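Asker: This is target20.txt, which holds compact mmCIF, C-alpha atoms:
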```txt
# COMPACT_ATOMS: atom_id res chain seq x y z
CA MET A 1 -34.13 -56.46 2.01
CA ARG A 2 -30.98 -56.22 4.09
CA THR A 3 -27.67 -55.50 2.39
CA ALA A 4 -26.01 -58.34 4.27
CA ALA A 5 -28.51 -60.80 2.81
CA ILE A 6 -27.12 -60.36 -0.71
CA PRO A 7 -23.49 -61.08 -1.65
CA LEU A 8 -21.90 -57.94 -3.05
CA PRO A 9 -21.17 -59.34 -6.55
CA ALA A 10 -24.80 -60.50 -6.88
CA LEU A 11 -26.01 -57.11 -5.64
CA ARG A 12 -23.87 -55.37 -8.26
CA ARG A 13 -25.33 -57.53 -11.03
CA ARG A 14 -28.88 -56.98 -9.82
CA THR A 15 -28.38 -53.22 -9.52
CA THR A 16 -26.87 -53.04 -13.00
CA ALA A 17 -29.73 -55.06 -14.50
CA VAL A 18 -32.36 -52.78 -12.94
CA LEU A 19 -30.53 -49.66 -14.10
CA LEU A 20 -30.09 -51.06 -17.62
CA ALA A 21 -33.82 -51.85 -17.92
CA SER A 22 -34.81 -48.38 -16.76
CA GLN A 23 -32.17 -46.80 -18.99
CA VAL A 24 -33.53 -48.50 -22.10
CA LEU A 25 -37.09 -47.37 -21.36
CA GLY A 26 -35.96 -43.88 -20.43
CA GLY A 27 -33.80 -43.72 -23.53
CA ILE A 28 -36.81 -44.41 -25.75
CA GLY A 29 -38.63 -41.40 -24.32
CA ILE A 30 -35.54 -39.20 -24.42
CA GLY A 31 -34.89 -40.18 -28.04
CA ILE A 32 -38.42 -39.14 -28.92
CA GLY A 33 -37.96 -35.80 -27.18
CA ILE A 34 -34.67 -35.02 -28.91
CA ALA A 35 -36.14 -35.86 -32.30
CA PHE A 36 -39.56 -34.21 -31.97
CA ALA A 37 -39.40 -31.34 -29.49
CA THR A 38 -38.71 -28.94 -32.34
CA VAL A 39 -41.54 -30.46 -34.41
CA VAL A 40 -44.19 -30.07 -31.72
CA GLY A 41 -42.81 -26.64 -30.83
CA ALA A 42 -43.14 -25.48 -34.43
CA ARG A 43 -46.68 -26.84 -34.63
CA VAL A 44 -47.80 -24.95 -31.53
CA GLY A 45 -45.71 -21.78 -31.77
CA GLY A 46 -44.58 -21.61 -35.38
CA ASP A 47 -41.24 -22.29 -37.04
CA ALA A 48 -39.54 -19.31 -35.37
CA LEU A 49 -40.19 -20.75 -31.90
CA GLY A 50 -39.53 -24.40 -32.72
CA GLY A 51 -35.88 -24.28 -31.66
CA LEU A 52 -36.75 -22.77 -28.30
CA ALA A 53 -38.79 -25.87 -27.51
CA ALA A 54 -35.72 -28.08 -27.86
CA THR A 55 -33.72 -25.69 -25.66
CA ALA A 56 -36.39 -26.04 -22.94
CA THR A 57 -35.60 -29.75 -22.56
CA VAL A 58 -31.89 -28.97 -22.02
CA VAL A 59 -32.74 -26.26 -19.48
CA GLY A 60 -35.06 -28.71 -17.73
CA THR A 61 -32.22 -31.19 -17.29
CA ALA A 62 -30.27 -28.56 -15.39
CA VAL A 63 -33.27 -27.29 -13.40
CA VAL A 64 -34.32 -30.74 -12.17
CA ALA A 65 -30.75 -31.50 -11.06
CA VAL A 66 -30.93 -28.77 -8.40
CA PRO A 67 -33.59 -30.32 -6.10
CA LEU A 68 -32.59 -33.85 -7.07
CA THR A 69 -29.07 -33.50 -5.70
CA PRO A 70 -29.92 -33.01 -1.99
CA LEU A 71 -32.69 -35.60 -2.26
CA MET A 72 -30.33 -38.31 -3.47
CA SER A 73 -27.62 -37.22 -1.07
CA ALA A 74 -29.98 -37.73 1.86
CA ARG A 75 -32.29 -40.53 0.67
CA GLY A 76 -30.36 -42.43 -2.01
CA ARG A 77 -30.61 -43.12 -5.73
CA ARG A 78 -34.00 -44.83 -5.74
CA PRO A 79 -36.24 -41.87 -4.80
CA GLY A 80 -34.14 -39.46 -6.85
CA LEU A 81 -34.17 -41.44 -10.08
CA ALA A 82 -37.84 -42.35 -9.71
CA LEU A 83 -38.91 -38.74 -9.15
CA ALA A 84 -36.82 -37.54 -12.09
CA TYR A 85 -38.50 -40.06 -14.39
CA LEU A 86 -41.92 -39.08 -12.98
CA ALA A 87 -41.10 -35.43 -13.68
CA GLY A 88 -40.30 -36.45 -17.26
CA ALA A 89 -43.59 -38.36 -17.50
CA ALA A 90 -45.56 -35.38 -16.17
CA GLY A 91 -43.74 -33.11 -18.60
CA ALA A 92 -44.53 -35.40 -21.53
CA ALA A 93 -48.21 -35.48 -20.52
CA LEU A 94 -48.26 -31.69 -20.23
CA THR A 95 -46.68 -31.44 -23.67
CA VAL A 96 -49.55 -33.47 -25.10
CA VAL A 97 -52.09 -31.21 -23.39
CA ALA A 98 -50.29 -28.12 -24.68
CA ALA A 99 -50.44 -29.46 -28.23
CA VAL A 100 -54.17 -30.12 -27.90
CA VAL A 101 -54.99 -26.62 -26.60
CA SER A 102 -52.25 -24.91 -28.70
CA SER A 103 -50.63 -23.20 -25.70
CA TYR A 104 -46.96 -22.42 -26.28
CA PRO A 105 -46.21 -21.29 -22.67
CA LEU A 106 -47.72 -24.54 -21.41
CA LEU A 107 -45.63 -26.42 -23.96
CA LEU A 108 -42.42 -24.83 -22.66
CA ILE A 109 -43.34 -25.78 -19.08
CA GLY A 110 -44.04 -29.34 -20.19
CA LEU A 111 -40.79 -29.69 -22.14
CA THR A 112 -38.81 -28.22 -19.23
CA ALA A 113 -40.25 -30.89 -16.92
CA PHE A 114 -39.60 -33.42 -19.71
CA GLY A 115 -35.89 -32.62 -19.25
CA GLY A 116 -36.04 -34.38 -15.88
CA SER A 117 -35.87 -37.66 -17.77
CA SER A 118 -32.40 -36.76 -19.02
CA THR A 119 -31.39 -35.92 -15.45
CA ALA A 120 -32.40 -39.45 -14.45
CA SER A 121 -30.52 -40.94 -17.39
CA PHE A 122 -27.33 -39.03 -16.57
CA GLN A 123 -27.51 -39.82 -12.85
CA ALA A 124 -28.07 -43.53 -13.54
CA ARG A 125 -24.47 -43.81 -14.76
CA PHE A 126 -23.27 -42.74 -11.33
CA ALA A 127 -25.61 -45.20 -9.61
CA ALA A 128 -23.93 -47.97 -11.60
CA ALA A 129 -20.58 -46.94 -10.10
CA ASP A 130 -21.72 -46.82 -6.46
CA LEU A 131 -20.94 -50.47 -5.70
CA THR A 132 -18.22 -50.98 -8.30
CA PRO A 133 -14.52 -51.29 -7.39
CA PRO A 134 -12.43 -48.29 -8.51
CA ASP A 135 -10.54 -50.27 -11.15
CA ARG A 136 -13.82 -51.13 -12.95
CA ARG A 137 -15.73 -47.93 -12.28
CA ALA A 138 -15.37 -46.43 -15.76
CA ARG A 139 -16.62 -49.65 -17.36
CA ALA A 140 -19.69 -49.65 -15.12
CA ILE A 141 -20.46 -46.07 -16.12
CA SER A 142 -19.88 -46.81 -19.80
CA LEU A 143 -22.30 -49.74 -19.75
CA LEU A 144 -25.13 -47.43 -18.69
CA VAL A 145 -24.13 -44.94 -21.39
CA TRP A 146 -24.16 -47.77 -23.93
CA ALA A 147 -27.69 -48.79 -22.91
CA THR A 148 -28.90 -45.41 -24.10
CA THR A 149 -28.09 -46.58 -27.64
CA ILE A 150 -31.10 -48.88 -27.63
CA GLY A 151 -33.50 -46.14 -26.63
CA ALA A 152 -31.91 -43.56 -28.90
CA VAL A 153 -32.40 -45.86 -31.89
CA LEU A 154 -35.85 -47.17 -30.96
CA GLY A 155 -37.33 -43.83 -29.86
CA PRO A 156 -37.42 -42.00 -33.20
CA SER A 157 -38.39 -45.19 -35.05
CA LEU A 158 -41.55 -45.43 -32.92
CA ALA A 159 -42.69 -41.95 -33.96
CA ALA A 160 -44.93 -43.08 -36.82
CA PRO A 161 -47.03 -45.61 -34.85
CA ALA A 162 -47.09 -43.24 -31.86
CA SER A 163 -48.42 -40.43 -34.03
CA ARG A 164 -51.13 -42.63 -35.56
CA SER A 165 -52.19 -44.00 -32.20
CA VAL A 166 -53.49 -40.71 -30.80
CA THR A 167 -55.29 -39.05 -33.68
CA ALA A 168 -58.53 -40.96 -32.99
CA TRP A 169 -58.78 -39.10 -29.66
CA GLY A 170 -58.35 -35.70 -31.27
CA ILE A 171 -54.71 -35.38 -30.23
CA PRO A 172 -52.38 -33.86 -32.85
CA ALA A 173 -50.11 -36.42 -34.47
CA ALA A 174 -47.03 -34.39 -33.45
CA ALA A 175 -47.91 -35.01 -29.80
CA GLY A 176 -48.27 -38.78 -30.16
CA PRO A 177 -44.59 -39.56 -29.50
CA PHE A 178 -44.78 -37.66 -26.21
CA ALA A 179 -47.77 -39.73 -25.11
CA TRP A 180 -45.65 -42.84 -25.61
CA ALA A 181 -42.71 -41.16 -23.88
CA CYS A 182 -44.94 -40.54 -20.86
CA ALA A 183 -45.68 -44.28 -20.64
CA ALA A 184 -41.98 -45.17 -21.05
CA PHE A 185 -40.89 -42.81 -18.27
CA ALA A 186 -43.62 -44.06 -15.94
CA ALA A 187 -42.52 -47.66 -16.55
CA ALA A 188 -38.89 -46.70 -15.88
CA ALA A 189 -39.93 -45.13 -12.56
CA VAL A 190 -41.80 -48.30 -11.57
CA ILE A 191 -38.74 -50.43 -12.34
CA ILE A 192 -36.55 -48.17 -10.22
CA VAL A 193 -38.93 -48.16 -7.26
CA ALA A 194 -39.54 -51.91 -7.37
CA GLY A 195 -36.09 -53.15 -8.31
CA LEU A 196 -33.44 -50.79 -6.92
CA ARG A 197 -33.45 -52.37 -3.46
CA PRO A 198 -31.28 -52.05 -1.48
CA ASP A 199 -30.31 -48.58 -2.63
CA PRO A 200 -26.79 -48.68 -4.15
CA LEU A 201 -25.70 -45.28 -2.83
CA LEU A 202 -26.85 -45.95 0.73
CA THR A 203 -25.34 -49.43 0.58
CA ALA A 204 -22.00 -48.04 -0.60
CA ARG A 205 -22.03 -45.58 2.30
CA THR A 206 -22.80 -48.36 4.75
CA LEU A 207 -19.89 -50.41 3.43
CA ALA A 208 -17.60 -47.37 3.58
CA GLN A 209 -18.99 -46.39 7.01
CA ASP A 210 -19.79 -42.88 5.76
CA THR A 211 -22.56 -40.71 7.20
CA PRO A 212 -25.29 -39.77 4.71
CA ALA A 213 -25.41 -36.11 3.74
CA THR A 214 -28.43 -34.17 4.98
CA GLY A 215 -29.82 -30.69 4.49
CA ARG A 216 -27.34 -28.20 3.07
CA SER A 217 -24.54 -30.77 3.28
CA GLY A 218 -26.11 -32.59 0.35
CA SER A 219 -26.80 -29.53 -1.79
CA VAL A 220 -25.23 -28.54 -5.08
CA TRP A 221 -23.19 -25.99 -3.15
CA SER A 222 -21.73 -28.70 -0.93
CA GLY A 223 -20.86 -30.60 -4.10
CA PHE A 224 -19.02 -27.52 -5.33
CA ARG A 225 -17.02 -27.35 -2.10
CA ALA A 226 -16.11 -31.04 -2.38
CA VAL A 227 -14.97 -30.66 -5.99
CA ARG A 228 -13.07 -27.45 -5.28
CA ALA A 229 -11.09 -29.22 -2.56
CA THR A 230 -9.39 -31.59 -5.00
CA PRO A 231 -7.50 -30.61 -8.19
CA LEU A 232 -8.52 -33.81 -9.97
CA GLY A 233 -12.14 -33.17 -9.07
CA ARG A 234 -11.92 -29.72 -10.66
CA ILE A 235 -10.40 -31.19 -13.81
CA ALA A 236 -13.15 -33.81 -13.97
CA LEU A 237 -15.93 -31.23 -13.58
CA ILE A 238 -14.48 -28.97 -16.26
CA ALA A 239 -13.80 -31.94 -18.55
CA VAL A 240 -17.41 -33.13 -18.57
CA ALA A 241 -18.69 -29.58 -19.15
CA VAL A 242 -16.22 -28.79 -21.94
CA VAL A 243 -16.68 -32.11 -23.72
CA HIS A 244 -20.48 -31.92 -23.59
CA THR A 245 -20.56 -28.28 -24.70
CA ALA A 246 -18.15 -28.85 -27.59
CA MET A 247 -20.20 -31.78 -28.81
CA ALA A 248 -23.56 -30.02 -28.49
CA SER A 249 -22.34 -26.82 -30.15
CA VAL A 250 -20.97 -28.50 -33.27
CA MET A 251 -23.73 -31.10 -33.52
CA SER A 252 -26.55 -28.54 -33.24
CA MET A 253 -25.24 -26.44 -36.13
CA THR A 254 -24.09 -29.20 -38.50
CA PRO A 255 -27.56 -30.11 -39.89
CA LEU A 256 -28.15 -26.44 -40.74
CA GLU A 257 -24.75 -26.18 -42.43
CA MET A 258 -25.41 -29.34 -44.43
CA SER A 259 -28.78 -28.02 -45.56
CA HIS A 260 -27.02 -24.92 -46.90
CA HIS A 261 -24.89 -27.25 -49.02
CA GLY A 262 -27.85 -29.07 -50.51
CA ALA A 263 -28.33 -32.00 -48.11
CA GLY A 264 -31.87 -33.30 -47.73
CA MET A 265 -33.56 -34.52 -44.57
CA ASN A 266 -32.78 -38.19 -45.27
CA LEU A 267 -29.07 -37.50 -45.61
CA ILE A 268 -29.02 -35.25 -42.55
CA GLY A 269 -30.80 -37.96 -40.59
CA LEU A 270 -28.18 -40.50 -41.66
CA VAL A 271 -25.38 -38.20 -40.50
CA VAL A 272 -27.09 -37.65 -37.13
CA SER A 273 -27.50 -41.43 -36.79
CA ALA A 274 -23.75 -41.85 -37.32
CA HIS A 275 -23.20 -39.27 -34.59
CA VAL A 276 -25.47 -41.12 -32.14
CA LEU A 277 -23.66 -44.36 -32.99
CA GLY A 278 -20.35 -42.75 -32.10
CA MET A 279 -21.76 -41.34 -28.86
CA TYR A 280 -23.14 -44.53 -27.39
CA ALA A 281 -22.22 -47.72 -29.20
CA PHE A 282 -18.51 -47.64 -28.34
CA SER A 283 -18.79 -46.39 -24.77
CA PRO A 284 -17.83 -49.82 -23.27
CA ALA A 285 -14.53 -49.57 -25.14
CA MET A 286 -14.04 -46.08 -23.74
CA GLY A 287 -14.78 -47.36 -20.24
CA TRP A 288 -12.25 -50.16 -20.63
CA LEU A 289 -9.70 -47.65 -21.90
CA ALA A 290 -10.27 -45.25 -18.99
CA ASP A 291 -9.82 -48.09 -16.50
CA ARG A 292 -6.81 -49.47 -18.34
CA VAL A 293 -4.71 -46.39 -19.16
CA GLY A 294 -6.12 -43.87 -16.69
CA ARG A 295 -8.78 -41.18 -16.55
CA ILE A 296 -6.56 -38.28 -17.57
CA THR A 297 -5.20 -40.13 -20.61
CA ALA A 298 -8.74 -40.95 -21.75
CA ILE A 299 -9.78 -37.32 -21.28
CA CYS A 300 -6.83 -36.20 -23.42
CA LEU A 301 -7.92 -38.70 -26.09
CA SER A 302 -11.41 -37.20 -25.92
CA VAL A 303 -10.05 -33.70 -26.47
CA ALA A 304 -8.00 -34.89 -29.45
CA LEU A 305 -10.99 -36.64 -31.06
CA LEU A 306 -13.24 -33.63 -30.56
CA ALA A 307 -10.64 -31.29 -32.05
CA VAL A 308 -10.17 -33.54 -35.09
CA ALA A 309 -13.95 -33.74 -35.50
CA ALA A 310 -14.29 -29.95 -35.38
CA LEU A 311 -11.55 -29.52 -37.98
CA LEU A 312 -13.17 -32.11 -40.27
CA ALA A 313 -16.55 -30.45 -39.89
CA ALA A 314 -15.16 -26.98 -40.56
CA THR A 315 -13.55 -28.09 -43.84
CA ALA A 316 -16.29 -30.45 -45.06
CA GLY A 317 -18.07 -27.97 -47.31
CA THR A 318 -20.14 -29.92 -49.83
CA SER A 319 -18.59 -33.26 -48.81
CA HIS A 320 -21.39 -34.82 -46.81
CA THR A 321 -19.32 -37.96 -46.31
CA GLN A 322 -16.73 -35.87 -44.48
CA SER A 323 -19.52 -34.35 -42.37
CA MET A 324 -20.66 -37.85 -41.45
CA VAL A 325 -17.15 -38.86 -40.43
CA ALA A 326 -16.79 -35.62 -38.46
CA LEU A 327 -19.95 -36.21 -36.44
CA PHE A 328 -19.09 -39.86 -35.85
CA VAL A 329 -15.68 -38.85 -34.44
CA LEU A 330 -17.42 -36.09 -32.47
CA GLY A 331 -19.59 -38.74 -30.84
CA LEU A 332 -16.56 -40.89 -30.00
CA GLY A 333 -14.83 -37.93 -28.38
CA TRP A 334 -17.90 -37.14 -26.30
CA SER A 335 -18.18 -40.75 -25.17
CA ALA A 336 -14.55 -40.92 -24.04
CA GLY A 337 -14.76 -37.62 -22.19
CA LEU A 338 -18.07 -38.26 -20.47
CA VAL A 339 -17.09 -41.73 -19.23
CA ALA A 340 -13.57 -40.80 -18.11
CA GLY A 341 -14.63 -37.48 -16.60
CA SER A 342 -17.50 -39.07 -14.69
CA ALA A 343 -15.22 -41.80 -13.34
CA LEU A 344 -12.55 -39.29 -12.34
CA LEU A 345 -15.11 -37.15 -10.51
CA THR A 346 -16.39 -40.20 -8.62
CA ASP A 347 -12.82 -41.21 -7.77
CA SER A 348 -11.82 -37.77 -6.55
CA VAL A 349 -14.42 -36.88 -3.90
CA PRO A 350 -15.26 -38.65 -0.60
CA ALA A 351 -18.12 -41.15 -0.73
CA ALA A 352 -20.34 -38.98 1.47
CA ALA A 353 -20.04 -36.07 -0.99
CA ARG A 354 -20.27 -38.00 -4.26
CA ALA A 355 -23.99 -37.59 -4.91
CA ALA A 356 -23.72 -33.83 -4.37
CA ALA A 357 -20.65 -33.56 -6.62
CA GLN A 358 -22.29 -35.70 -9.30
CA GLY A 359 -25.43 -33.57 -9.21
CA LEU A 360 -23.28 -30.48 -9.58
CA SER A 361 -21.55 -32.08 -12.57
CA ASP A 362 -24.81 -32.67 -14.41
CA LEU A 363 -26.04 -29.16 -13.57
CA VAL A 364 -22.86 -27.56 -14.90
CA MET A 365 -22.77 -29.85 -17.93
CA SER A 366 -26.37 -29.14 -18.96
CA SER A 367 -26.13 -25.41 -18.28
CA ALA A 368 -22.90 -25.10 -20.25
CA ALA A 369 -24.38 -27.02 -23.19
CA ALA A 370 -27.51 -24.85 -23.22
CA LEU A 371 -25.37 -21.71 -23.26
CA GLY A 372 -22.99 -23.22 -25.79
CA THR A 373 -25.71 -24.08 -28.31
CA ALA A 374 -27.24 -20.63 -27.95
CA VAL A 375 -23.87 -18.97 -28.55
CA ALA A 376 -23.15 -21.36 -31.42
CA GLY A 377 -26.20 -20.10 -33.27
CA VAL A 378 -25.05 -16.51 -32.87
CA VAL A 379 -21.49 -17.34 -34.01
CA VAL A 380 -22.73 -19.15 -37.11
CA ALA A 381 -25.15 -16.36 -37.97
CA GLN A 382 -22.52 -13.63 -37.56
CA ALA A 383 -19.25 -15.29 -38.61
CA GLY A 384 -20.02 -18.69 -40.13
CA TYR A 385 -19.84 -22.40 -39.34
CA ALA A 386 -16.06 -22.60 -39.82
CA TRP A 387 -15.49 -19.97 -37.14
CA LEU A 388 -17.67 -21.89 -34.72
CA ASN A 389 -15.49 -24.96 -35.15
CA ALA A 390 -12.34 -22.85 -34.81
CA ALA A 391 -13.64 -21.49 -31.50
CA VAL A 392 -14.38 -25.04 -30.32
CA VAL A 393 -10.84 -26.17 -31.18
CA LEU A 394 -9.38 -23.17 -29.33
CA ALA A 395 -11.46 -23.95 -26.22
CA LEU A 396 -10.38 -27.60 -26.36
CA LEU A 397 -6.70 -26.66 -26.65
CA CYS A 398 -6.99 -24.37 -23.62
CA PHE A 399 -8.61 -27.16 -21.63
CA ALA A 400 -5.96 -29.65 -22.82
CA ALA A 401 -3.24 -27.35 -21.46
CA LEU A 402 -5.06 -27.20 -18.11
CA THR A 403 -5.48 -30.98 -18.03
CA LEU A 404 -1.87 -31.74 -18.89
CA ARG A 405 -0.74 -29.30 -16.24
CA GLY A 406 -2.92 -31.10 -13.71
CA ARG A 407 -1.58 -34.44 -14.87
CA THR A 408 2.00 -33.30 -14.37
CA ALA A 409 1.24 -31.98 -10.90
CA HIS A 410 -0.75 -35.02 -9.77
CA ALA A 411 0.60 -37.86 -11.90
CA THR A 412 0.94 -40.21 -8.97
CA ASN A 413 -2.78 -39.86 -8.17
CA ALA A 414 -4.23 -39.72 -11.69
CA ASP A 415 -3.23 -42.45 -14.12
CA ARG A 416 -3.37 -46.05 -12.88
CA SER A 417 -4.13 -44.80 -9.36
CA LEU A 418 -7.77 -44.50 -8.34
CA VAL A 419 -9.10 -42.95 -5.18
```
Please express what this file holds, its structure, as C-alpha cells.

Answerer:
Amino acid sequence: MRTAAIPLPALRRRTTAVLLASQVLGGIGIGIGIAFATVVGARVGGDALGGLAATATVVGTAVVAVPLTPLMSARGRRPGLALAYLAGAAGAALTVVAAVVSSYPLLLIGLTAFGGSSTASFQARFAAADLTPPDRRARAISLLVWATTIGAVLGPSLAAPASRSVTAWGIPAAAGPFAWACAAFAAAAVIIVAGLRPDPLLTARTLAQDTPATGRSGSVWSGFRAVRATPLGRIALIAVAVVHTAMASVMSMTPLEMSHHGAGMNLIGLVVSAHVLGMYAFSPAMGWLADRVGRITAICLSVALLAVAALLAATAGTSHTQSMVALFVLGLGWSAGLVAGSALLTDSVPAAARAAAQGLSDLVMSSAAALGTAVAGVVVAQAGYAWLNAAVVLALLCFAALTLRGRTAHATNADRSLV
C-alpha cells in the first residue's frame, strides 16, 4: 500500500491501533514472564538459582536490541518488531521444553530469548512517535506505555488457567504460563506483519526526505555517535538509563525487605500491583505534561518523584502502607522519566539516525538495570535496604545537577521547543 494513498492523520490512527493491539498481547506474555520466571527457575534449578532466571530475561532484552537496531534502521519497524516478538515466542517455547526436561542451562537460553519480547515492547513506543508531530510526540509514546497496563494486569491473572491447561500433556504447571506467552507473542508478531503497512519509520523518512541507514550506519555504534553529537541527546540517554535503573533497583529489593518485616505474599503482591499501576496507568498524563511543559521539566519531575519514593521506602520499616505509597510514587517517577526521556531522545537526533539512537537507548537502559539490580542485592546484603535507597537518592541528585546544567545551557532548545 502506497504512503500517498492514505492521508497522514488516518495513517497515524491506523499505525497506533496496530501497535496498541500488539502491545496488549505482548504485555500479557511479558507480565507472565516477570511474575513467573523466578518460579520456573526455582523449579528447574532450585531456590538459589531462581533469581538468576529473572535476570536472564533482562539480559535478553539488551542482547536482542543489538541486532535489532541495524535491522530496523535499514528495513523499518515492521520486520524488527515482528522478529523481536518471534524471538520472545521461541524463548517461551524453549522455556517450556527446559521445564519438561529439567535443564537449567536450556532454561536460561530460553528466558534470554524471551527477553526479546520486552525489546519489542520498548521499541513500539518509538514506532508510535515516527509519524507524530513533535508537539504530540510524548503523548504518542505514553499511549503505548499505557497499553502495557492491560497486559501487565491480565498476564499474571491468567497463570492459574495456563498452568492447568498443560498438565494433561505432562508439562509442569510452572511452565504453563510460558506456553500461553508463546501464543501471545506469536499473535503479536502476526498483527505487526499484517497491519503495520506502510512501515511508520520508512514513511517518516520518506516524508522527511532522509536516506535510510544501512550497514554500520544503522548500528548501535552509529546511534552512539548521533547521541554524542547533541547535548540534549546525551541527557535523554542518561535520563532513561538512570530512571529505569533507580526504579528497578528499589523495586527488586522492596518485596524482600517487606518479608523481613512480616509481610505475606498477598500483601507483597498488592504492593507490587500498586507499583505497576503507578508505572503504566498514568503515563498519558505524563505524556501530556512532557508535551505541555517541556521534556527537561518532566525529567526533573521524574527525578523528584523517584527521590521521594526512595526516601519513603527507606524509612517505611514495618509500615507496609508507606511501602505501598513508596512503590506507587516510584512507578509514577519511572513513567514520567521514560516518556519524557524517550521523547527528548527522538527530538534530539536526525530522523535518519533515530532508530539507531533508540536501539542504543534500550540497550543502555536494560544493561544498566541488570547491573543495578545485581548491585542492589549486594548493597542490601552488606549494608542494608536503607543504604540502597540512600545510594539511589545520591545518584538521582547527581543526575539532576547534570540535567539542570544542560537545561541552563540549552534552554532555548529544550523546554517548549522541539526539534

Asker: Neighbours of Pro350 of chain A within 10 Å (only C-alpha atoms; same-chain residues fewer than 3 positions away dropped), as a ChimeraX atom specification?

Answerer: /A:208,210,226-227,346-347,353-355,357,419

Asker: Given the choices A:Ala343, A:Ala128, A:Ala159, A:Ala189, which gets closest to Ala37 of chain A if the distance is worked out from only C-alpha atoms?

Answerer: A:Ala159

Asker: Show me, as a VMD selection string, the residues that have an atom within 9 Å of Ile238 of chain A when counting all atoms listed in the file, minus same-chain residues fewer than 2 positions from it.

Answerer: chain A and resid 233 to 236 240 to 243 341 361 364 to 365 399

Asker: One number please: atom CA of Ser283 of chain A to atom CA of Gln23 of chain A, in Å, one decimal.

Answerer: 14.6 Å

Asker: Of the residues A:Trp221, A:Trp146, A:Tyr385, A:Trp288, which is the one nearest to Met258 of chain A, using all atoms listed in the file?

Answerer: A:Tyr385

Asker: What would the list of residues within 9 Å of (-25.7, -32.8, -3.7) (file frame) look like as an NGL selection string, if all atoms listed in the file are what count?

Answerer: :A and (66-74 or 213 or 216-224 or 353-360)

Asker: So what do you get for atom CA of Ala340 of chain A versus atom CA of Pro134 of chain A, distance-wise?

Answerer: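 Calculated distance between atom CA of Ala340 of chain A and atom CA of Pro134 of chain A is 12.2 Å.
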
Asker: Which one of A:Ser323, A:Leu344, A:Ser102, A:Ala175 sits closest to Leu311 of chain A if you count only C-alpha atoms?

Answerer: A:Ser323

Asker: Have a look at atom CA of Thr55 of chain A and atom CA of Gly41 of chain A and let me know their distance in Å, one decimal.

Answerer: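 Pair atom CA of Thr55 of chain A / atom CA of Gly41 of chain A returns 10.5 Å.
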
Asker: Of the candidates A:Cys182, A:Leu11, A:Ala246, A:Ile150, which one gets nearest to Leu394 of chain A if we count only C-alpha atoms?

Answerer: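 The answer is A:Ala246, which sits nearest to Leu394 of chain A.
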
Asker: Mind dumping segment 181-192 of chain A from that block, keeping N, CA, C and O atoms, as a PDB file, in the first residue's frame?

Answerer:
```pdb
ATOM      1  N   ALA A 181       2.263 -17.555  26.883  1.00  0.00           N
ATOM      2  CA  ALA A 181       3.043 -16.396  26.444  1.00  0.00           C
ATOM      3  C   ALA A 181       3.548 -16.602  25.021  1.00  0.00           C
ATOM      4  O   ALA A 181       3.569 -15.666  24.216  1.00  0.00           O
ATOM      5  N   CYS A 182       3.945 -17.822  24.695  1.00  0.00           N
ATOM      6  CA  CYS A 182       4.398 -18.134  23.340  1.00  0.00           C
ATOM      7  C   CYS A 182       3.299 -17.804  22.328  1.00  0.00           C
ATOM      8  O   CYS A 182       3.567 -17.183  21.294  1.00  0.00           O
ATOM      9  N   ALA A 183       2.067 -18.215  22.633  1.00  0.00           N
ATOM     10  CA  ALA A 183       0.952 -17.933  21.725  1.00  0.00           C
ATOM     11  C   ALA A 183       0.684 -16.431  21.621  1.00  0.00           C
ATOM     12  O   ALA A 183       0.407 -15.911  20.523  1.00  0.00           O
ATOM     13  N   ALA A 184       0.787 -15.717  22.743  1.00  0.00           N
ATOM     14  CA  ALA A 184       0.539 -14.269  22.736  1.00  0.00           C
ATOM     15  C   ALA A 184       1.579 -13.542  21.888  1.00  0.00           C
ATOM     16  O   ALA A 184       1.245 -12.648  21.088  1.00  0.00           O
ATOM     17  N   PHE A 185       2.845 -13.922  22.024  1.00  0.00           N
ATOM     18  CA  PHE A 185       3.901 -13.270  21.248  1.00  0.00           C
ATOM     19  C   PHE A 185       3.751 -13.575  19.759  1.00  0.00           C
ATOM     20  O   PHE A 185       3.971 -12.698  18.914  1.00  0.00           O
ATOM     21  N   ALA A 186       3.407 -14.813  19.436  1.00  0.00           N
ATOM     22  CA  ALA A 186       3.219 -15.171  18.033  1.00  0.00           C
ATOM     23  C   ALA A 186       2.080 -14.363  17.420  1.00  0.00           C
ATOM     24  O   ALA A 186       2.178 -13.883  16.280  1.00  0.00           O
ATOM     25  N   ALA A 187       0.981 -14.194  18.175  1.00  0.00           N
ATOM     26  CA  ALA A 187      -0.146 -13.398  17.684  1.00  0.00           C
ATOM     27  C   ALA A 187       0.254 -11.942  17.500  1.00  0.00           C
ATOM     28  O   ALA A 187      -0.145 -11.281  16.527  1.00  0.00           O
ATOM     29  N   ALA A 188       1.065 -11.405  18.423  1.00  0.00           N
ATOM     30  CA  ALA A 188       1.538 -10.023  18.294  1.00  0.00           C
ATOM     31  C   ALA A 188       2.384  -9.857  17.036  1.00  0.00           C
ATOM     32  O   ALA A 188       2.271  -8.854  16.319  1.00  0.00           O
ATOM     33  N   ALA A 189       3.222 -10.854  16.742  1.00  0.00           N
ATOM     34  CA  ALA A 189       4.053 -10.792  15.534  1.00  0.00           C
ATOM     35  C   ALA A 189       3.188 -10.795  14.276  1.00  0.00           C
ATOM     36  O   ALA A 189       3.466 -10.053  13.316  1.00  0.00           O
ATOM     37  N   VAL A 190       2.144 -11.613  14.273  1.00  0.00           N
ATOM     38  CA  VAL A 190       1.240 -11.667  13.117  1.00  0.00           C
ATOM     39  C   VAL A 190       0.562 -10.318  12.909  1.00  0.00           C
ATOM     40  O   VAL A 190       0.438  -9.820  11.771  1.00  0.00           O
ATOM     41  N   ILE A 191       0.120  -9.696  13.987  1.00  0.00           N
ATOM     42  CA  ILE A 191      -0.539  -8.386  13.888  1.00  0.00           C
ATOM     43  C   ILE A 191       0.421  -7.349  13.316  1.00  0.00           C
ATOM     44  O   ILE A 191       0.044  -6.530  12.456  1.00  0.00           O
ATOM     45  N   ILE A 192       1.663  -7.374  13.757  1.00  0.00           N
ATOM     46  CA  ILE A 192       2.660  -6.429  13.253  1.00  0.00           C
ATOM     47  C   ILE A 192       2.904  -6.634  11.761  1.00  0.00           C
ATOM     48  O   ILE A 192       2.898  -5.685  10.960  1.00  0.00           O
TER      49      ILE A 192
END
```
